[in-house]
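Colleague: This is coords_26.cif, which holds mmCIF, C-alpha atoms and all ligand atoms:
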```
data_model
loop_
_atom_site.label_atom_id
_atom_site.label_comp_id
_atom_site.auth_asym_id
_atom_site.auth_seq_id
_atom_site.Cartn_x
_atom_site.Cartn_y
_atom_site.Cartn_z
CA MET T 237 11.68 33.72 17.09
CA ALA T 238 9.89 33.12 20.32
CA THR T 239 7.40 35.05 22.40
CA TYR T 240 8.38 35.64 26.02
CA HIS T 241 6.88 36.76 29.28
CA ILE T 242 9.16 38.17 31.97
CA GLU T 243 8.39 38.88 35.62
CA THR T 244 10.86 40.65 37.86
CA TYR T 245 10.92 40.84 41.66
CA GLY T 246 13.25 42.63 44.04
CA CYS T 247 15.86 45.33 43.80
CA THR T 248 17.01 47.72 41.08
CA SER T 249 19.82 45.33 40.21
CA ASN T 250 17.27 42.66 39.27
CA GLN T 251 15.28 45.26 37.34
CA GLY T 252 18.42 46.20 35.43
CA GLU T 253 19.23 42.57 34.63
CA SER T 254 15.70 42.00 33.35
CA ARG T 255 15.95 45.07 31.15
CA GLU T 256 19.19 43.69 29.70
CA ILE T 257 17.59 40.26 29.16
CA GLU T 258 14.71 41.93 27.31
CA ARG T 259 17.03 44.07 25.25
CA ARG T 260 18.97 41.00 24.12
CA LEU T 261 15.80 39.04 23.40
CA ARG T 262 14.39 41.86 21.28
CA ASP T 263 17.73 42.29 19.49
CA ALA T 264 17.54 38.57 18.67
CA GLY T 265 14.06 38.98 17.17
CA HIS T 266 11.94 37.68 20.07
CA ARG T 267 8.76 39.49 21.05
CA PRO T 268 6.87 39.96 24.32
CA ALA T 269 3.64 37.95 24.74
CA ASP T 270 0.42 39.32 26.21
CA GLY T 271 0.87 37.15 29.29
CA PRO T 272 2.41 33.89 30.48
CA ALA T 273 -0.25 31.67 28.93
CA GLY T 274 0.49 32.91 25.41
CA ALA T 275 4.28 32.86 25.76
CA ASP T 276 6.68 30.26 24.35
CA VAL T 277 8.85 30.88 27.37
CA ALA T 278 8.31 32.57 30.74
CA ILE T 279 11.20 34.08 32.69
CA LEU T 280 10.96 34.59 36.44
CA ASN T 281 13.65 36.88 37.84
CA THR T 282 13.61 36.11 41.56
CA CYS T 283 14.45 37.81 44.81
CA THR T 284 15.41 36.14 48.08
CA VAL T 285 15.48 38.85 50.73
CA VAL T 286 13.28 37.18 53.34
CA GLU T 287 11.71 33.76 53.84
CA LYS T 288 8.25 35.03 52.93
CA THR T 289 9.62 36.29 49.60
CA GLU T 290 11.14 32.86 48.96
CA ARG T 291 7.79 31.17 49.53
CA ASN T 292 6.16 33.65 47.15
CA MET T 293 8.83 33.01 44.53
CA LEU T 294 8.34 29.25 44.77
CA ARG T 295 4.58 29.59 44.53
CA ARG T 296 4.83 31.91 41.52
CA ALA T 297 7.28 29.52 39.82
CA GLU T 298 4.83 26.66 40.32
CA GLU T 299 2.02 28.73 38.78
CA LEU T 300 4.10 29.78 35.79
CA ALA T 301 5.31 26.21 35.22
CA GLU T 302 1.66 25.21 34.90
CA GLU T 303 0.78 28.07 32.58
CA THR T 304 3.68 27.98 30.09
CA ALA T 305 5.48 25.36 28.06
CA ASP T 306 8.90 26.46 29.19
CA LEU T 307 9.90 28.26 32.40
CA ILE T 308 13.30 29.78 33.14
CA VAL T 309 14.05 30.88 36.69
CA THR T 310 16.87 33.34 37.25
CA GLY T 311 17.89 36.03 39.75
CA CYS T 312 19.11 35.87 43.36
CA MET T 313 17.03 32.96 44.61
CA ALA T 314 17.82 30.90 41.51
CA LEU T 315 21.55 31.36 42.06
CA ALA T 316 21.63 31.04 45.84
CA GLN T 317 18.95 28.38 46.33
CA GLY T 318 18.32 26.89 42.93
CA GLU T 319 17.86 23.47 44.52
CA GLN T 320 14.64 24.69 46.18
CA PHE T 321 12.94 24.82 42.79
CA ARG T 322 14.21 21.34 41.95
CA ASP T 323 13.22 19.97 45.38
CA ALA T 324 9.72 21.41 44.96
CA GLY T 325 9.43 19.63 41.60
CA VAL T 326 9.06 22.86 39.63
CA ASP T 327 9.66 22.08 35.95
CA ALA T 328 12.03 24.96 35.23
CA ARG T 329 15.48 25.68 33.97
CA VAL T 330 17.49 27.50 36.64
CA LEU T 331 19.99 29.83 34.98
CA HIS T 332 22.23 32.82 35.60
CA TRP T 333 20.61 35.87 34.00
CA GLU T 334 23.33 36.13 31.35
CA GLU T 335 22.48 32.63 30.14
CA VAL T 336 18.81 33.43 29.62
CA PRO T 337 18.87 35.08 26.15
CA SER T 338 20.76 32.16 24.57
CA ALA T 339 18.55 29.63 26.32
CA VAL T 340 15.47 31.21 24.73
CA LEU T 341 16.91 30.89 21.23
CA ASN T 342 16.05 27.18 20.89
CA GLY T 343 19.24 26.62 18.90
CA GLU T 344 18.20 29.06 16.20
CA CYS T 345 20.54 31.75 15.00
CA PRO T 346 19.90 35.26 16.29
CA THR T 347 17.67 37.54 14.22
CA PRO T 348 19.03 41.05 14.04
CA ALA T 349 16.79 44.04 13.45
CA SER T 350 14.82 44.20 10.23
CA ASP T 351 17.62 45.95 8.39
CA THR T 352 21.36 45.57 8.64
CA GLU T 353 22.26 49.05 9.85
CA PRO T 354 24.89 49.24 12.59
CA ILE T 355 24.00 50.43 16.08
CA LEU T 356 26.23 52.09 18.67
CA ASP T 357 25.13 50.98 22.15
CA GLY T 358 27.34 52.83 24.64
CA GLU T 359 30.88 51.77 23.74
CA VAL T 360 29.69 48.69 21.83
CA GLY T 361 29.15 48.87 18.09
CA ILE T 362 26.85 46.22 16.62
CA LEU T 363 27.69 45.54 12.97
CA PRO T 364 25.31 43.16 11.16
CA ILE T 365 27.39 42.11 8.13
CA ALA T 366 24.66 40.22 6.26
CA ARG T 367 21.14 38.95 6.66
CA GLY T 368 20.09 35.32 6.18
CA CYS T 369 21.91 32.00 6.02
CA MET T 370 22.69 29.14 3.63
CA SER T 371 20.93 26.46 5.70
CA ASN T 372 17.44 25.14 6.23
CA CYS T 373 17.53 23.63 9.72
CA SER T 374 14.43 21.56 10.41
CA TYR T 375 13.72 23.18 13.81
CA CYS T 376 14.28 26.80 12.78
CA ILE T 377 11.64 29.48 12.39
CA THR T 378 14.18 32.29 12.05
CA LYS T 379 14.85 31.21 8.48
CA HIS T 380 11.27 32.08 7.54
CA ALA T 381 11.95 35.68 8.53
CA THR T 382 15.46 36.09 7.17
CA GLY T 383 15.76 33.93 4.04
CA ARG T 384 18.88 33.11 2.07
CA ILE T 385 22.00 35.09 2.84
CA ASP T 386 22.38 38.40 1.10
CA SER T 387 25.92 39.72 1.55
CA PRO T 388 26.79 43.38 1.01
CA PRO T 389 30.30 44.02 -0.36
CA VAL T 390 33.26 43.89 2.03
CA GLU T 391 34.01 47.58 1.43
CA GLU T 392 30.51 48.56 2.55
CA ASN T 393 30.87 46.70 5.84
CA VAL T 394 34.36 48.09 6.41
CA GLU T 395 33.01 51.63 6.01
CA LYS T 396 30.26 50.90 8.53
CA ALA T 397 32.85 49.56 10.97
CA ARG T 398 35.00 52.65 10.44
CA ALA T 399 32.01 54.89 11.20
CA LEU T 400 31.41 52.97 14.44
CA VAL T 401 35.05 53.40 15.50
CA HIS T 402 34.92 57.11 14.72
CA ALA T 403 31.71 57.38 16.76
CA GLY T 404 33.56 55.95 19.78
CA ALA T 405 33.02 52.18 19.67
CA SER T 406 35.67 50.35 21.65
CA GLU T 407 34.21 46.94 20.77
CA ILE T 408 32.70 46.01 17.41
CA ARG T 409 30.45 42.97 17.36
CA VAL T 410 30.31 41.42 13.91
CA THR T 411 26.89 39.79 13.78
CA GLY T 412 24.55 37.94 11.44
CA GLN T 413 22.55 34.72 11.41
CA ASP T 414 25.66 32.86 10.26
CA THR T 415 28.78 35.00 9.90
CA GLY T 416 30.77 32.01 8.57
CA VAL T 417 28.90 32.02 5.25
CA TYR T 418 29.32 35.74 4.60
CA GLY T 419 29.93 36.12 0.86
CA TRP T 420 28.76 32.63 -0.18
CA ASP T 421 25.91 34.12 -2.22
CA THR T 422 28.52 35.95 -4.31
CA GLY T 423 30.55 32.81 -4.80
CA GLU T 424 33.34 33.84 -2.41
CA ARG T 425 33.98 33.12 1.26
CA LYS T 426 34.76 36.59 2.52
CA LEU T 427 34.74 36.50 6.34
CA PRO T 428 38.55 36.28 6.72
CA GLU T 429 39.08 39.22 4.34
CA LEU T 430 36.40 41.30 6.07
CA LEU T 431 37.87 40.72 9.54
CA ASP T 432 41.37 41.51 8.33
CA ARG T 433 40.15 44.77 6.79
CA ILE T 434 38.17 45.81 9.88
CA CYS T 435 41.19 45.17 12.10
CA SER T 436 43.32 47.42 9.90
CA ILE T 437 41.13 50.45 10.73
CA ASP T 438 43.09 52.93 12.87
CA GLY T 439 42.05 53.17 16.51
CA GLU T 440 42.02 51.34 19.84
CA PHE T 441 39.15 48.86 19.59
CA ARG T 442 38.44 45.13 19.62
CA VAL T 443 36.37 42.98 17.31
CA ARG T 444 34.15 40.04 18.30
CA VAL T 445 32.84 37.65 15.69
CA GLY T 446 29.27 36.43 16.24
CA MET T 447 27.75 33.03 15.62
CA ALA T 448 29.28 31.06 12.76
CA ASN T 449 27.95 27.60 12.02
CA PRO T 450 30.54 24.80 11.84
CA GLY T 451 29.43 23.93 8.29
CA GLY T 452 30.46 27.35 6.98
CA VAL T 453 33.62 27.73 9.03
CA HIS T 454 35.10 24.31 8.22
CA GLY T 455 35.99 25.30 4.64
CA ILE T 456 37.76 28.51 5.73
CA ARG T 457 39.15 27.29 9.05
CA GLU T 458 42.86 27.56 8.20
CA GLU T 459 42.51 31.03 6.70
CA LEU T 460 40.24 32.20 9.51
CA ALA T 461 42.51 30.89 12.27
CA ALA T 462 45.44 32.69 10.62
CA VAL T 463 43.49 35.98 10.65
CA PHE T 464 42.81 35.49 14.36
CA ALA T 465 46.49 34.75 15.03
CA ASP T 466 47.63 37.82 13.05
CA ASN T 467 45.26 40.44 14.48
CA GLU T 468 45.46 41.48 18.11
CA LYS T 469 42.29 43.52 17.69
CA LEU T 470 40.33 40.35 17.07
CA TYR T 471 39.17 38.61 20.23
CA ASN T 472 40.28 34.99 20.15
CA PHE T 473 36.68 33.87 20.44
CA ILE T 474 34.52 31.85 18.11
CA HIS T 475 30.94 30.70 18.53
CA LEU T 476 30.47 27.40 16.68
CA PRO T 477 27.06 25.91 17.59
CA VAL T 478 27.49 22.16 17.15
CA GLN T 479 23.97 21.33 18.54
CA SER T 480 24.60 17.56 18.86
CA GLY T 481 27.40 15.03 19.18
CA SER T 482 25.46 12.58 16.99
CA ASP T 483 25.62 12.67 13.18
CA ASP T 484 22.21 10.97 13.04
CA VAL T 485 20.64 13.83 14.99
CA LEU T 486 22.51 16.43 12.94
CA ASP T 487 21.02 14.80 9.82
CA GLU T 488 17.50 15.09 11.24
CA MET T 489 18.20 18.69 12.22
CA ARG T 490 19.42 19.25 8.62
CA ARG T 491 22.58 20.89 9.92
CA GLN T 492 25.27 21.34 7.30
CA HIS T 493 28.11 19.84 9.29
CA ARG T 494 29.13 16.56 10.82
CA VAL T 495 30.69 16.12 14.25
CA GLY T 496 34.03 15.36 12.58
CA LYS T 497 34.05 18.74 10.82
CA PHE T 498 33.38 20.50 14.11
CA ARG T 499 36.27 18.60 15.74
CA GLU T 500 38.64 19.44 12.87
CA THR T 501 37.76 23.13 13.14
CA VAL T 502 38.44 23.12 16.89
CA GLU T 503 41.77 21.36 16.28
CA THR T 504 42.77 23.99 13.71
CA PHE T 505 42.12 26.82 16.17
CA ASP T 506 43.91 24.91 18.94
CA ALA T 507 46.96 24.65 16.74
CA ALA T 508 46.89 28.30 15.63
CA LEU T 509 46.15 30.10 18.92
CA ASP T 510 47.74 29.94 22.38
CA GLU T 511 44.58 30.94 24.22
CA TRP T 512 41.12 31.18 22.73
CA THR T 513 37.52 30.72 23.75
CA LEU T 514 35.29 28.15 22.12
CA SER T 515 31.60 28.85 22.57
CA THR T 516 29.13 26.23 21.43
CA ASP T 517 25.47 25.28 21.75
CA PHE T 518 23.71 21.97 22.29
CA ILE T 519 20.02 21.28 21.71
CA VAL T 520 18.93 18.64 24.19
CA GLY T 521 15.93 16.41 23.55
CA PHE T 522 15.51 16.82 19.80
CA PRO T 523 12.58 14.52 18.84
CA THR T 524 14.79 11.79 17.31
CA GLU T 525 17.54 11.95 19.95
CA THR T 526 18.05 8.54 21.58
CA ASP T 527 19.85 7.83 24.86
CA ALA T 528 22.89 6.83 22.81
CA ASP T 529 22.77 10.11 20.85
CA HIS T 530 22.59 12.04 24.10
CA GLU T 531 25.63 10.15 25.38
CA LEU T 532 27.53 11.14 22.22
CA SER T 533 26.73 14.79 22.95
CA MET T 534 27.92 14.39 26.54
CA GLU T 535 31.13 12.75 25.33
CA LEU T 536 31.75 15.52 22.80
CA LEU T 537 31.25 18.18 25.46
CA ALA T 538 33.65 16.40 27.83
CA GLU T 539 36.20 15.99 25.03
CA VAL T 540 36.34 19.51 23.54
CA ARG T 541 35.71 21.31 26.86
CA PRO T 542 34.35 24.63 25.52
CA GLU T 543 34.74 27.67 27.76
CA LYS T 544 31.17 28.76 26.99
CA VAL T 545 28.21 26.45 26.41
CA ASN T 546 24.51 27.13 25.80
CA VAL T 547 22.29 24.15 26.59
CA THR T 548 18.80 24.47 25.13
CA ARG T 549 15.93 22.10 25.81
CA PHE T 550 14.24 21.46 22.46
CA SER T 551 10.86 23.07 21.96
CA LYS T 552 8.71 23.05 18.86
CA ARG T 553 8.42 26.16 16.75
CA PRO T 554 5.29 26.53 14.59
CA ASN T 555 5.56 25.80 10.86
CA THR T 556 8.85 23.95 11.15
CA ASP T 557 9.45 20.36 10.06
CA ALA T 558 10.64 19.39 13.53
CA ALA T 559 7.30 20.53 14.94
CA GLY T 560 5.67 17.64 13.08
CA MET T 561 7.96 15.01 14.62
CA LYS T 562 6.80 12.93 17.54
CA GLY T 563 8.50 14.57 20.50
CA LEU T 564 10.21 13.16 23.57
CA GLY T 565 8.52 13.41 26.95
CA GLY T 566 9.20 16.40 29.14
CA THR T 567 10.87 14.26 31.79
CA VAL T 568 13.42 12.86 29.34
CA LYS T 569 14.27 16.31 28.06
CA LYS T 570 14.50 17.64 31.58
CA GLU T 571 16.85 14.86 32.75
CA ARG T 572 19.13 15.18 29.74
CA SER T 573 19.21 18.94 30.05
CA LYS T 574 20.07 18.66 33.76
CA ALA T 575 22.89 16.18 33.12
CA MET T 576 24.38 18.31 30.38
CA SER T 577 24.04 21.54 32.36
CA GLU T 578 25.87 19.96 35.31
CA LEU T 579 28.72 18.82 33.08
CA LYS T 580 28.82 22.23 31.46
CA ARG T 581 29.07 23.98 34.85
CA GLU T 582 31.98 21.73 35.81
CA ILE T 583 33.86 22.36 32.55
CA VAL T 584 33.22 26.11 32.38
CA GLY T 585 34.01 26.47 36.10
CA GLU T 586 37.38 24.76 35.54
CA ALA T 587 38.17 27.14 32.69
CA TYR T 588 37.49 30.20 34.84
CA GLU T 589 39.25 28.71 37.88
CA SER T 590 42.39 28.23 35.77
CA MET T 591 42.44 32.01 35.25
CA VAL T 592 42.57 32.82 38.99
CA GLY T 593 45.95 34.27 39.94
CA SER T 594 46.84 35.26 36.37
CA THR T 595 47.44 38.82 35.23
CA ARG T 596 45.99 39.98 31.92
CA GLU T 597 45.33 43.07 29.89
CA VAL T 598 41.66 43.84 29.46
CA LEU T 599 39.45 46.35 27.72
CA VAL T 600 36.67 47.88 29.82
CA VAL T 601 33.69 47.34 27.55
CA GLU T 602 30.65 48.56 29.45
CA GLU T 603 29.09 49.38 32.79
CA GLY T 604 28.13 46.40 34.92
CA THR T 605 25.58 46.17 37.68
CA GLY T 606 26.07 48.36 40.75
CA ASP T 607 29.42 50.11 40.74
CA SER T 608 31.17 47.60 38.50
CA VAL T 609 32.46 47.46 34.95
CA LYS T 610 32.65 44.56 32.50
CA CYS T 611 36.02 43.91 30.94
CA ARG T 612 37.18 41.45 28.27
CA ASP T 613 40.58 39.89 27.90
CA GLY T 614 42.09 38.84 24.55
CA ALA T 615 40.10 35.58 24.56
CA TYR T 616 36.85 37.42 25.35
CA ARG T 617 36.69 36.07 28.89
CA GLN T 618 34.56 38.37 30.99
CA ILE T 619 36.25 39.91 34.03
CA ILE T 620 34.30 42.12 36.43
CA VAL T 621 36.06 44.95 38.23
CA ARG T 622 34.14 46.15 41.26
CA GLU T 623 34.20 49.59 42.92
CA ALA T 624 34.92 51.01 39.49
CA SER T 625 34.22 54.68 40.22
CA GLU T 626 36.44 54.60 43.33
CA ARG T 627 39.20 53.12 41.18
CA GLY T 628 38.66 55.62 38.38
CA VAL T 629 37.89 52.89 35.85
CA GLU T 630 35.37 53.45 33.06
CA PRO T 631 34.34 52.01 29.69
CA GLY T 632 37.01 52.47 27.05
CA ASP T 633 39.93 52.06 29.47
CA VAL T 634 42.60 49.47 28.82
CA LEU T 635 44.05 48.13 32.05
CA THR T 636 45.94 45.28 33.59
CA VAL T 637 44.07 43.18 36.14
CA GLU T 638 44.90 40.28 38.40
CA VAL T 639 42.14 37.67 38.40
CA THR T 640 41.06 37.12 42.00
CA GLY T 641 38.03 34.81 41.71
CA GLN T 642 35.26 33.47 39.51
CA ASN T 643 31.65 32.29 39.65
CA THR T 644 31.61 29.94 36.58
CA MET T 645 30.03 32.71 34.46
CA TYR T 646 32.78 35.28 34.70
CA ALA T 647 35.89 36.17 36.66
CA PHE T 648 36.57 38.97 39.13
CA GLY T 649 39.70 41.07 38.89
CA ASP T 650 41.56 43.88 40.59
CA PRO T 651 43.48 46.49 38.61
CA VAL T 652 47.20 45.97 39.15
CA GLU T 653 47.93 49.66 38.60
CA THR T 654 46.07 52.38 40.48
CA GLU T 655 45.72 54.43 37.30
CA PRO T 656 44.23 52.94 34.12
CA ALA T 657 47.00 51.74 31.81
CA GLY T 658 45.45 53.44 28.80
CA ARG T 659 42.33 54.87 27.34
CA SER T 660 40.92 54.18 23.95
CA GLU T 661 40.18 57.32 21.96
CA PRO T 662 38.39 57.35 18.64
CA PRO T 663 40.84 58.31 15.89
CA ALA T 664 40.41 61.62 14.14
CA ALA T 665 38.09 61.37 11.16
CA ARG T 666 39.95 61.26 7.86
S1 LIG T 701 21.57 28.34 10.09
FE1 LIG T 701 19.83 27.02 10.62
S2 LIG T 701 19.21 27.75 12.68
FE2 LIG T 701 20.47 29.37 11.75
S3 LIG T 701 19.00 30.78 10.75
FE3 LIG T 701 19.73 29.31 9.20
S4 LIG T 701 18.19 27.68 9.20
FE4 LIG T 701 17.95 28.84 11.12
#
```
Would you put the structure from the file into structure tokens?

Modeller:
Amino acid sequence: MATYHIETYGCTSNQGESREIERRLRDAGHRPADGPAGADVAILNTCTVVEKTERNMLRRAEELAEETADLIVTGCMALAQGEQFRDAGVDARVLHWEEVPSAVLNGECPTPASDTEPILDGEVGILPIARGCMSNCSYCITKHATGRIDSPPVEENVEKARALVHAGASEIRVTGQDTGVYGWDTGERKLPELLDRICSIDGEFRVRVGMANPGGVHGIREELAAVFADNEKLYNFIHLPVQSGSDDVLDEMRRQHRVGKFRETVETFDAALDEWTLSTDFIVGFPTETDADHELSMELLAEVRPEKVNVTRFSKRPNTDAAGMKGLGGTVKKERSKAMSELKREIVGEAYESMVGSTREVLVVEEGTGDSVKCRDGAYRQIIVREASERGVEPGDVLTVEVTGQNTMYAFGDPVETEPAGRSEPPAAR
């Protein structure tokens, strides 16, 4: 858990994006600080309407970089003129706003709310299936708050999922610190069974599986991949945070997997699914990470080519073992993070570019910014449809779109039919 400070400049769109960033940070267990000086991370959401505003944004970024250990710059100026911050020597990570919540996590698993009750947020149902994990990562403070995994029975989670569907959820997000180890405390690995049972609930909805560490997934990879292949309701998406391409670093992080296990899991999913999205995370600049270790991470990224990557610059969390290790200098971390982020942009951009011109069925999941809606295809790729109200498109619709462009974070699409192809309705309660 981190404390954050967020400053927002400019239009209502920026304000809305900052609200969404904050919502996701709070959902992940982070808390606002009293000001920038007391924050683990400061977030500057920028505007770039006129030159004077740009100068103000640069000056404010310089001030915040001095005041806080970690500065993230996002918003219009960051996207359109991100190089200005680099040219001015501002020590900041320049990110698209949707990348910000993951970047704040410092490689730790998300911390859901204090209990594990489901939440319906618009059309999205959040279903925490268990609290806690089976690991003890040396850099993690989340573990102090969540403890060892405590898994409710499958039936209990299925009933919660059913209630969300009946309440109108068109997307169910199965969450937890580490969904891959669900059931381990009871002696059984139950994630495949749970997903199969949730997908058998009547109704038009999709299911997304949240973060699952490679160590937990490796032992169930064949069974899990088969469940993905058999269930159309399950997005072909899996978030496997590898964190490093070096086994030496993984040892120091006390991760429960080796790079080879991560590779084998990816190969299993490649063999089982025609199209799927691999999301992974890398921590850059862990205290014991050498140049050679960093190169191994770069090579792994270039080899597996995930469609979604979170690159986090290591920062110390209080009361963790990694906090007591002699750290790397800020410049080293910054250079490694920059190199990996550039490679990531190239790889993710290629993945989205390969979608342009294709036609795919999508579910409209939620409202976007302005008059747009966010849609997901079967592999959980995000496709934005603009002028939604004019086109009569709204959350819950199922439609066919042609992908017309991309911006390395998501694709843009136009509905192929003038009328939505379908509409998801909650089934009648039994
Ligand atoms: S798996 Fe590791 S990073 Fe995630 S909550 Fe457990 S100890 Fe923390």

Colleague: To one decimal place, how far is atom CA of T:Thr282 from atom CA of T:Leu331 in Å?

Modeller: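 Calculated distance between atom CA of T:Thr282 and atom CA of T:Leu331 is 11.1 Å.
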
Colleague: Choose the residue, out of T:Glu571, T:Glu597, T:Glu303, T:Asp414, that has the smallest atom-to-atom separation from ligand LIG 701 (chain T); count all atoms listed in the file.

Modeller: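 Looking only at the distances to ligand LIG 701 (chain T), the closest residue turns out to be T:Asp414.
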
Colleague: To one decimal in Å, tell me the separation between atom CA of T:Ala339 and atom CA of T:Ser482.

Modeller: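 Spanning atom CA of T:Ala339 to atom CA of T:Ser482 is a straight-line distance of 20.6 Å.
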
Colleague: Using all atoms listed in the file, determine which residues fall within 7 Å of ligand LIG 701 (chain T), then list them as a ChimeraX atom specification.

Modeller: /T:343-345,368-373,376-379,413-414,449,491

Colleague: Report, in Å to a single decimal, how far apart atom CA of T:Ser594 and atom CA of T:Trp512 are.

Modeller: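 Atom-to-atom, atom CA of T:Trp512 and atom CA of T:Ser594 are spaced 15.3 Å apart.
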
Colleague: Neighbouring residues of T:Glu256 were defined as those with any atom within 12 Å, considering only C-alpha atoms; residues of the same chain fewer than 5 positions away were excluded. Please report them as JSON, numbers by chain.

Modeller: {"T": [242, 249, 250, 251, 261, 262, 263, 281, 333, 334, 335, 336, 337, 603, 604, 605]}

Colleague: Skip T:Asp650 itself and residues of its chain fewer than 3 positions away, then list as JSON, numbers by chain all residues within 9 Å of it, counting all atoms listed in the file.

Modeller: {"T": [620, 621, 622, 636, 637, 638, 639, 640, 653]}

Colleague: I need the residue nearest T:Asp607 from this list: T:Ser515, T:Thr595, T:Gln317, T:Ser625. Use only C-alpha atoms for the distance.

Modeller: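 Looking at the shortest contact to T:Asp607, the residue is T:Ser625.
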
Colleague: Find the residues near stretch 506-511 of chain T: any atom within 7 Å, counting only C-alpha atoms, skip ones fewer than 5 places away on the same chain, and give them as a list in words.

Modeller: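 Listing them by chain and then by number gives Ala461, Ala462, Ala465 and Ala615 of chain T.
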
Colleague: Identify which of the residues T:Cys312, T:Leu599, T:Leu579, T:Ile257 lies closest to T:Cys283, counting only C-alpha atoms when measuring atom-to-atom distances.

Modeller: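 Result for the nearest residue to T:Cys283: T:Cys312.
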
Colleague: Which is closest to T:Lys569 among T:Val453, T:Val545, T:Met489, T:Ala328, if we use all atoms listed in the file?

Modeller: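 Closest candidate: T:Ala328.
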
Colleague: Which residue is closest to T:Gly614? Choose from T:Leu431, T:Leu486, T:Ile456, T:Leu470 and count all atoms listed in the file.

Modeller: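 Among T:Leu431, T:Leu486, T:Ile456, T:Leu470, it is T:Leu470 that comes nearest to T:Gly614.
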
Colleague: I want to know what sits within 12 Å of T:Lys469, based on only C-alpha atoms, with residues of the same chain fewer than 2 positions away left out; could you give that as a PyMOL selection string?

Modeller: chain T and resi 406-409+431-445+463-467+471-473+598-599+612-616

Colleague: Determine the nearest neighbour of T:Leu635 from the options T:Asp357, T:Gly521, T:Phe648, T:Val600, counting only C-alpha atoms.

Modeller: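 Residue with the minimum atom-to-atom distance to T:Leu635: T:Val600.
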
Colleague: Which protein, DNA or RNA residues are at most 10 Å from (31.4, 53.2, 18.6) in the file's coordinates when you count all atoms listed in the file, listed as a PDB file with C-alpha atoms, in the frame of the given file?

Modeller:
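Below you can see result10.pdb, which holds the result:
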```
ATOM      1  CA  PRO T 354      24.890  49.240  12.590  1.00  0.00           C
ATOM      2  CA  ILE T 355      24.000  50.430  16.080  1.00  0.00           C
ATOM      3  CA  LEU T 356      26.230  52.090  18.670  1.00  0.00           C
ATOM      4  CA  ASP T 357      25.130  50.980  22.150  1.00  0.00           C
ATOM      5  CA  GLY T 358      27.340  52.830  24.640  1.00  0.00           C
ATOM      6  CA  GLU T 359      30.880  51.770  23.740  1.00  0.00           C
ATOM      7  CA  VAL T 360      29.690  48.690  21.830  1.00  0.00           C
ATOM      8  CA  GLY T 361      29.150  48.870  18.090  1.00  0.00           C
ATOM      9  CA  ILE T 362      26.850  46.220  16.620  1.00  0.00           C
ATOM     10  CA  ALA T 397      32.850  49.560  10.970  1.00  0.00           C
ATOM     11  CA  ARG T 398      35.000  52.650  10.440  1.00  0.00           C
ATOM     12  CA  ALA T 399      32.010  54.890  11.200  1.00  0.00           C
ATOM     13  CA  LEU T 400      31.410  52.970  14.440  1.00  0.00           C
ATOM     14  CA  VAL T 401      35.050  53.400  15.500  1.00  0.00           C
ATOM     15  CA  HIS T 402      34.920  57.110  14.720  1.00  0.00           C
ATOM     16  CA  ALA T 403      31.710  57.380  16.760  1.00  0.00           C
ATOM     17  CA  GLY T 404      33.560  55.950  19.780  1.00  0.00           C
ATOM     18  CA  ALA T 405      33.020  52.180  19.670  1.00  0.00           C
ATOM     19  CA  SER T 406      35.670  50.350  21.650  1.00  0.00           C
ATOM     20  CA  GLU T 407      34.210  46.940  20.770  1.00  0.00           C
ATOM     21  CA  ILE T 408      32.700  46.010  17.410  1.00  0.00           C
ATOM     22  CA  PHE T 441      39.150  48.860  19.590  1.00  0.00           C
ATOM     23  CA  PRO T 662      38.390  57.350  18.640  1.00  0.00           C
TER      24      PRO T 662
END
```
